[in-house]
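Undergrad: Below are the structure tokens for one structure; questions will follow.
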Amino acid sequence: MIDIMKVFRGLIAGIPHTTNTLPGVQHPLGSKRGLVRWWFHECLRVFGDRLVDESDGETLWGILTEVSGNLMQTPWIDTKISTTGPYSRPQIGRDRHIFSDISGNNYDEIVDYTKLIEMVKSTLVDYNAASNRPMHLHLFIDAVEHIIRIIRVLRQPQGHVVLLGLGGSGRQSAARLACFSVEYELFEMSGGSKSGYGVADWREDLKKLLRLTGLQGQKTVFIFTDRFMGQETFLEDIHSLIHTGTIADLFSNEEMEAIIQSMRASEPRVNRSRAVSPEYTYSKFVNQVRANLHVVMCISTQSTAFKDSLRIYPSLVTDCTLDYFSPWPVDALRTVAEQTMKDVSLDPEPTPAGRAFVPRVFSTNTFETSSDVTLHGLVNVCVRLHQMMDSAAQQYRQESRTSLAFVTTTKYLEMLSVFRKVLARSRQEHSELMQRLVRGLERLNSVQSLVSDLQAEL
């Protein structure tokens with residue numbers, strides 16, 4: 001029933017509250033098929049995002065398609081809608097069914113993915129200009145879709161999300177950019193990266209978080225990463241915070257009294273004279289925390305501690321939306337490689353000084369190569385290498401029965417970075433050798449000229 005309620009809550013959230021529309025969108029309430037597509041999207045977000053097996057996703061897709069066609073008498077596929085741009089996919093494509101209110105206006109269906117990507121890129125530029133920790137992200141349609149999903153959850157009341165994926169899949173970066181997009185405060189533990197960070201430090205940070213959301217009324221996103229998974233107390237507190245909005249025995253009596261006094265002071269003057277119990281006042285504080293706090297858990301699928309915790313703390317599933325960051329598809333790998341290599345000159349032409357000394361038997365056409373052809377071949381090699389390494393890692397995991405061998409997207413980015421560095425170093429060495437050759441040829445020419453003059457004098 002909770003999941004069914006989430007579907008209808010998503011439908012209610014899309015009721016138009018403004019006449020402004022996002023470029024490249026159409027509102028789903030304009031037609032019956034649009035409403036069915038909207039329902040289809042909410043079912044995919046509530047149920048489909050939890051599925052990590054491709055066959056399960058295929059089954060859900062078939063069930064929803066059958067229900068929309070037979071029971072609702074309206075197939076969800078609209079052949080009149082078409083996408084444009086390099087990221088366009090067929091409208092029946094199972095990985096491209098996006099509704100969003102990223103503009104802050106209506107909850108609409110995105111039909112132009114190019115404009116959507118440009119809008120998210122603009123948000124990233126604004127984030128880097130305002131943050132002291134800029135992010136250099138490769139934004140392609142799959143990454144943007146995860147950001148859109150996180151934004152959808154953050155705009156919901158008591159919306160919490162669990163981002164599952166391998167290390168380096170971009171979960172934290174997507175969460176930060178989504179938080180900036182909805183203009184919420186980002187809260188991270190002050191000493192999470194320190195080795196001496198303990199339960200006492202954790203509790204102090206939680207007090208700051210609850211005061212920020214409960215007393216100041218600040219919309220806040222709390223990012224909880226898997227580096228905190230080692231402490232059972234941390235996960236127990238997060239479970240309580242998501243499920244009830246408070247943590248037992250977190251505040252001392254003096255701190256509790258200060259919170260109650262602050263809550264009473266924020267009441268309208270006409271209500272301050274009424275006798276109100278401390279329990280009632282504190283319950284208002286808790287309700288304010290639940291209304292303003294959004295927890296984003298970035299957990300690695302390699303974490304065995306989290307798998308065990310799901311059985312102990314079921315609210316991490318029932319009270320949260322799950323978003324699984326699957327490995328990058330081929331299109332994403334290709335796009336990232338093209339973006340990384342686009343500013344690298346791939347034409348191996350000699351230097352102007354060295355060109356004059358190229359023997360005539362070698363035509364200068366030997367050194368002229370189409371940059372586009374070279375880039376296309378290089379991108380194919382990078383993608384193929386990553387796929388081969390991923391297949392080898394899968395085979396090793398099966399044969400050795402271990403879960404430690406993974407080829408993450410971080411390794412792919414490192415491979416591209418290493419190629420750029422090696423290419424730059426090789427070109428520098430080549431340039432130095434070319435300069436030495438040029439200087440040597442110049443000296444030979446000068447000596448030859450000197451010998452000719454001496455021969456003429458003799």
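The way I read the labels, and the way they are meant: chains A, B, ... in the order of the structure tokens, residue 1 as the first residue of every chain, and ligand 1 as the first ligand shown, with later ones counted on from there.
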List the neighbours of segment 172-186 of chain A out to 6 Å using only C-alpha atoms; skip same-chain residues closer than 2 positions along the sequence, and give me the result as an mmCIF file with all heavy atoms, in the first residue's frame.
TA:
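Output file selection-v5.cif follows:
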data_model
loop_
_atom_site.group_PDB
_atom_site.id
_atom_site.type_symbol
_atom_site.label_atom_id
_atom_site.label_comp_id
_atom_site.auth_asym_id
_atom_site.auth_seq_id
_atom_site.Cartn_x
_atom_site.Cartn_y
_atom_site.Cartn_z
ATOM 1 N N ILE A 147 20.063 12.371 -12.083
ATOM 2 C CA ILE A 147 19.886 13.659 -11.400
ATOM 3 C C ILE A 147 18.413 14.034 -11.357
ATOM 4 O O ILE A 147 17.902 14.508 -10.329
ATOM 5 C CB ILE A 147 20.720 14.743 -12.106
ATOM 6 C CG1 ILE A 147 22.216 14.416 -11.990
ATOM 7 C CG2 ILE A 147 20.435 16.121 -11.514
ATOM 8 C CD1 ILE A 147 23.109 15.327 -12.802
ATOM 9 N N ILE A 151 16.039 14.697 -8.015
ATOM 10 C CA ILE A 151 15.256 15.925 -7.854
ATOM 11 C C ILE A 151 13.796 15.590 -7.583
ATOM 12 O O ILE A 151 13.138 16.220 -6.741
ATOM 13 C CB ILE A 151 15.399 16.812 -9.106
ATOM 14 C CG1 ILE A 151 16.827 17.359 -9.201
ATOM 15 C CG2 ILE A 151 14.392 17.953 -9.081
ATOM 16 C CD1 ILE A 151 17.089 18.161 -10.454
ATOM 17 N N GLY A 170 29.329 8.059 -9.638
ATOM 18 C CA GLY A 170 28.810 9.419 -9.660
ATOM 19 C C GLY A 170 27.613 9.657 -8.775
ATOM 20 O O GLY A 170 26.873 10.632 -8.977
ATOM 21 N N LYS A 219 15.321 23.774 4.426
ATOM 22 C CA LYS A 219 15.262 22.563 3.618
ATOM 23 C C LYS A 219 16.680 22.035 3.430
ATOM 24 O O LYS A 219 17.554 22.733 2.908
ATOM 25 C CB LYS A 219 14.642 22.856 2.260
ATOM 26 C CG LYS A 219 13.173 23.235 2.304
ATOM 27 C CD LYS A 219 12.304 22.015 2.539
ATOM 28 C CE LYS A 219 10.824 22.355 2.417
ATOM 29 N NZ LYS A 219 9.956 21.177 2.631
ATOM 30 N N THR A 220 16.925 20.800 3.864
ATOM 31 C CA THR A 220 18.288 20.287 3.943
ATOM 32 C C THR A 220 18.364 18.879 3.362
ATOM 33 O O THR A 220 17.473 18.058 3.568
ATOM 34 C CB THR A 220 18.778 20.273 5.404
ATOM 35 O OG1 THR A 220 18.646 21.591 5.954
ATOM 36 C CG2 THR A 220 20.240 19.850 5.482
ATOM 37 N N VAL A 221 19.466 18.631 2.657
ATOM 38 C CA VAL A 221 19.768 17.303 2.137
ATOM 39 C C VAL A 221 20.982 16.772 2.891
ATOM 40 O O VAL A 221 22.052 17.388 2.877
ATOM 41 C CB VAL A 221 20.058 17.340 0.621
ATOM 42 C CG1 VAL A 221 20.507 15.974 0.132
ATOM 43 C CG2 VAL A 221 18.830 17.799 -0.138
#
Undergrad: As a VMD selection string, please: the residues near Gly214 of chain A (cut-off 7 Å, only C-alpha atoms, same-chain neighbours under 6 positions excluded).
TA: chain A and resid 285 to 286 288 to 289
Undergrad: How would the residues just picked look written out with N, CA, C and O atoms as a PDB file, in the first residue's frame?
TA:
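Saved as selection32.pdb:
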ATOM      1  N   PHE A 285       8.415  20.192  16.753  1.00  0.00           N
ATOM      2  CA  PHE A 285       9.816  20.239  16.321  1.00  0.00           C
ATOM      3  C   PHE A 285      10.147  19.029  15.440  1.00  0.00           C
ATOM      4  O   PHE A 285      10.791  19.160  14.391  1.00  0.00           O
ATOM      5  N   VAL A 286       9.697  17.857  15.850  1.00  0.00           N
ATOM      6  CA  VAL A 286       9.941  16.641  15.069  1.00  0.00           C
ATOM      7  C   VAL A 286       9.248  16.721  13.710  1.00  0.00           C
ATOM      8  O   VAL A 286       9.831  16.337  12.673  1.00  0.00           O
ATOM      9  N   GLN A 288       8.603  19.351  12.056  1.00  0.00           N
ATOM     10  CA  GLN A 288       9.356  20.300  11.233  1.00  0.00           C
ATOM     11  C   GLN A 288      10.606  19.638  10.663  1.00  0.00           C
ATOM     12  O   GLN A 288      10.991  19.895   9.519  1.00  0.00           O
ATOM     13  N   VAL A 289      11.248  18.801  11.457  1.00  0.00           N
ATOM     14  CA  VAL A 289      12.418  18.075  10.970  1.00  0.00           C
ATOM     15  C   VAL A 289      12.022  17.163   9.812  1.00  0.00           C
ATOM     16  O   VAL A 289      12.700  17.124   8.770  1.00  0.00           O
TER      17      VAL A 289
END
Undergrad: Where in segment 263-352 of chain A does DSSP assign strand (DSSP E or B), given as a short mmCIF file (atom, residue, chain, number, x, y, z; two decimals) with N, CA and C atoms, in the first residue's frame?
TA:
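Contents of out25.cif, as written:
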data_model
loop_
_atom_site.label_atom_id
_atom_site.label_comp_id
_atom_site.auth_asym_id
_atom_site.auth_seq_id
_atom_site.Cartn_x
_atom_site.Cartn_y
_atom_site.Cartn_z
N LEU A 293 13.82 17.70 6.18
CA LEU A 293 15.00 16.86 6.03
C LEU A 293 14.80 15.82 4.93
N HIS A 294 15.81 15.70 4.09
CA HIS A 294 15.84 14.67 3.06
C HIS A 294 17.18 13.95 3.15
N VAL A 295 17.13 12.65 3.33
CA VAL A 295 18.33 11.83 3.48
C VAL A 295 18.65 11.17 2.14
N VAL A 296 19.89 11.32 1.71
CA VAL A 296 20.38 10.67 0.49
C VAL A 296 21.51 9.74 0.90
N MET A 297 21.28 8.44 0.77
CA MET A 297 22.27 7.44 1.13
C MET A 297 22.99 6.97 -0.14
N CYS A 298 24.30 7.18 -0.18
CA CYS A 298 25.12 6.75 -1.31
C CYS A 298 25.88 5.49 -0.89
N ILE A 299 25.37 4.35 -1.31
CA ILE A 299 25.88 3.07 -0.84
C ILE A 299 26.43 2.26 -2.01
N SER A 300 27.56 1.63 -1.79
CA SER A 300 28.16 0.78 -2.80
C SER A 300 27.49 -0.60 -2.79
N THR A 321 13.21 5.81 -1.63
CA THR A 321 13.19 5.47 -3.05
C THR A 321 14.57 4.97 -3.44
N LEU A 322 14.62 3.85 -4.13
CA LEU A 322 15.89 3.28 -4.54
C LEU A 322 16.21 3.67 -5.98
N ASP A 323 17.44 4.03 -6.22
CA ASP A 323 17.91 4.36 -7.56
C ASP A 323 19.22 3.62 -7.79
N TYR A 324 19.21 2.68 -8.71
CA TYR A 324 20.37 1.85 -8.97
C TYR A 324 21.18 2.42 -10.13
N PHE A 325 22.43 2.77 -9.86
CA PHE A 325 23.33 3.29 -10.89
C PHE A 325 23.99 2.10 -11.59
#
Undergrad: So how far away is atom CA of Asp56 of chain A from atom CA of Arg311 of chain A, in Å?
TA: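 One can read the atom CA of Arg311 of chain A to atom CA of Asp56 of chain A distance as 21.2 Å.
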Undergrad: Give me, as a PyMOL selection string, all polymer residues having an atom no more than 10 Å from Phe140 of chain A, counting only C-alpha atoms and skipping those fewer than 2 positions away in the same chain.
TA: chain A and resi 87+113-114+117-118+120-121+137-138+142-145+331-333+335-336+339
Undergrad: Ranking A:Cys320, A:Thr233, A:Leu139, A:Ile63 by minimum distance to Asp49 of chain A and counting only C-alpha atoms, which one comes first?
TA: A:Cys320
Undergrad: Compile the contact shell of Phe419 of chain A as a count of residues only: residues with an atom at most 12 Å away, counting only C-alpha atoms, same-chain residues fewer than 3 positions apart removed.
TA: 19
Undergrad: Could you check which of A:Arg436, A:Lys115, A:His386, A:Arg9 is closest to Lys411 of chain A, using only C-alpha atoms?
TA: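 Nearest to Lys411 of chain A: A:His386.
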Undergrad: Quick one: pull the distance between atom CA of Gly159 of chain A and atom CA of Leu44 of chain A, Å, one decimal.
TA: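 Distance reported for this atom pair: 16.7 Å.
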Undergrad: Please compute the atom CA of Gln398 of chain A-atom CA of Ser55 of chain A distance, one decimal, in Å.
TA: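 Computing it gives 19.9 Å between the two atoms.
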Undergrad: Between A:Glu54, A:Glu254, A:Glu42, A:Glu338, which one has atoms that come closest to Arg149 of chain A, using only C-alpha atoms?
TA: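 Closest candidate: A:Glu42.
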Undergrad: Using only C-alpha atoms for the distances, tell me which of A:Ala305, A:Ala258, A:Leu444, A:Leu241 is nearest to Gln158 of chain A.
TA: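 Using only C-alpha atoms, the shortest distance to Gln158 of chain A belongs to A:Leu241.
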Undergrad: Would you pick out the contacts of segment 203-208 of chain A at 7 Å or less, using only C-alpha atoms, so that residues sharing its chain but fewer than 4 positions from it are not included, and give the list as JSON, numbers by chain?
TA: {"A": [189, 199, 212, 250]}
Undergrad: Using N, CA and C atoms, can you write the selected residues to a file as a CSV table (one decimal), in the first residue's frame?
TA:
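To be explicit, this is the file written out as part15.csv:
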chain,number,residue,atom,x,y,z
A,189,MET,N,28.7,15.3,7.2
A,189,MET,CA,29.4,15.2,8.4
A,189,MET,C,30.7,15.9,8.4
A,199,VAL,N,31.4,8.0,17.7
A,199,VAL,CA,30.0,8.1,18.0
A,199,VAL,C,29.7,9.5,18.6
A,212,LEU,N,19.1,22.6,12.5
A,212,LEU,CA,19.0,23.3,11.2
A,212,LEU,C,17.7,23.1,10.6
A,250,LEU,N,19.1,11.6,22.1
A,250,LEU,CA,20.1,12.4,21.4
A,250,LEU,C,20.4,13.7,22.1
Undergrad: So which bits of segment 235-273 of chain A end up helix (DSSP H, G or I) when you DSSP the backbone, as a list in words?
TA: Leu235, Glu236, Asp237, Ile238, His239, Ser240, Leu241, Ile242, His243, Thr244, Asn253, Glu254, Glu255, Met256, Glu257, Ala258, Ile259, Ile260, Gln261, Ser262, Met263, Arg264, Ala265, Arg269, Val270, Asn271 and Arg272 of chain A
Undergrad: Store the residues picked out above in a file with N, CA and C atoms, as a compact mmCIF listing (two decimals), in the first residue's frame.
TA:
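After the write, result.txt holds the following:
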# COMPACT_ATOMS: atom_id res chain seq x y z
N LEU A 235 24.06 3.65 11.45
CA LEU A 235 22.95 3.17 10.63
C LEU A 235 21.65 3.09 11.43
N GLU A 236 21.76 2.74 12.69
CA GLU A 236 20.57 2.71 13.55
C GLU A 236 19.97 4.10 13.70
N ASP A 237 20.83 5.12 13.86
CA ASP A 237 20.35 6.49 13.97
C ASP A 237 19.71 6.97 12.67
N ILE A 238 20.30 6.60 11.54
CA ILE A 238 19.73 6.99 10.26
C ILE A 238 18.36 6.35 10.06
N HIS A 239 18.24 5.09 10.44
CA HIS A 239 16.96 4.39 10.35
C HIS A 239 15.90 5.09 11.19
N SER A 240 16.26 5.47 12.39
CA SER A 240 15.31 6.17 13.26
C SER A 240 14.96 7.54 12.71
N LEU A 241 15.95 8.23 12.16
CA LEU A 241 15.72 9.56 11.62
C LEU A 241 14.78 9.51 10.42
N ILE A 242 14.93 8.53 9.56
CA ILE A 242 14.06 8.41 8.39
C ILE A 242 12.65 7.98 8.80
N HIS A 243 12.56 7.06 9.74
CA HIS A 243 11.27 6.48 10.09
C HIS A 243 10.45 7.36 11.03
N THR A 244 11.09 8.04 11.98
CA THR A 244 10.35 8.80 12.99
C THR A 244 10.68 10.29 12.98
N ASN A 253 18.73 16.90 28.77
CA ASN A 253 17.58 17.62 29.30
C ASN A 253 17.70 19.12 29.06
N GLU A 254 18.91 19.66 29.23
CA GLU A 254 19.12 21.09 29.02
C GLU A 254 18.93 21.46 27.55
N GLU A 255 19.43 20.62 26.67
CA GLU A 255 19.28 20.89 25.23
C GLU A 255 17.82 20.75 24.81
N MET A 256 17.13 19.78 25.38
CA MET A 256 15.72 19.60 25.07
C MET A 256 14.91 20.82 25.51
N GLU A 257 15.23 21.33 26.69
CA GLU A 257 14.52 22.51 27.20
C GLU A 257 14.78 23.73 26.31
N ALA A 258 16.03 23.86 25.83
CA ALA A 258 16.35 24.98 24.94
C ALA A 258 15.58 24.88 23.62
N ILE A 259 15.43 23.68 23.11
CA ILE A 259 14.66 23.49 21.87
C ILE A 259 13.20 23.86 22.08
N ILE A 260 12.64 23.40 23.20
CA ILE A 260 11.23 23.70 23.48
C ILE A 260 11.01 25.20 23.63
N GLN A 261 11.93 25.88 24.31
CA GLN A 261 11.81 27.32 24.46
C GLN A 261 11.91 28.03 23.11
N SER A 262 12.80 27.56 22.27
CA SER A 262 12.95 28.18 20.95
C SER A 262 11.70 27.97 20.11
N MET A 263 11.10 26.78 20.19
CA MET A 263 9.88 26.53 19.46
C MET A 263 8.74 27.40 19.96
N ARG A 264 8.64 27.58 21.25
CA ARG A 264 7.58 28.44 21.80
C ARG A 264 7.80 29.89 21.41
N ALA A 265 9.07 30.31 21.35
CA ALA A 265 9.36 31.69 20.98
C ALA A 265 9.00 31.98 19.53
N ARG A 269 2.38 35.51 18.75
CA ARG A 269 2.23 36.07 20.10
C ARG A 269 0.91 35.66 20.74
N VAL A 270 -0.13 35.50 19.95
CA VAL A 270 -1.44 35.17 20.53
C VAL A 270 -1.48 33.75 21.07
N ASN A 271 -0.58 32.88 20.59
CA ASN A 271 -0.58 31.49 21.02
C ASN A 271 0.39 31.22 22.16
N ARG A 272 1.24 32.20 22.52
CA ARG A 272 2.26 31.94 23.53
C ARG A 272 1.66 31.82 24.92
Undergrad: Would you please work out which residue, of A:Ile223, A:Met434, A:Leu166, A:Leu458, is nearest to Thr410 of chain A when using only C-alpha atoms?
TA: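 Using only C-alpha atoms, the shortest distance to Thr410 of chain A belongs to A:Leu166.
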Undergrad: In terms of the shortest atom-to-atom distance over only C-alpha atoms, which of A:Ser345, A:Asp249, A:Val407, A:Leu454 is closest to Arg420 of chain A?
TA: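 Using only C-alpha atoms, the shortest distance to Arg420 of chain A belongs to A:Ser345.
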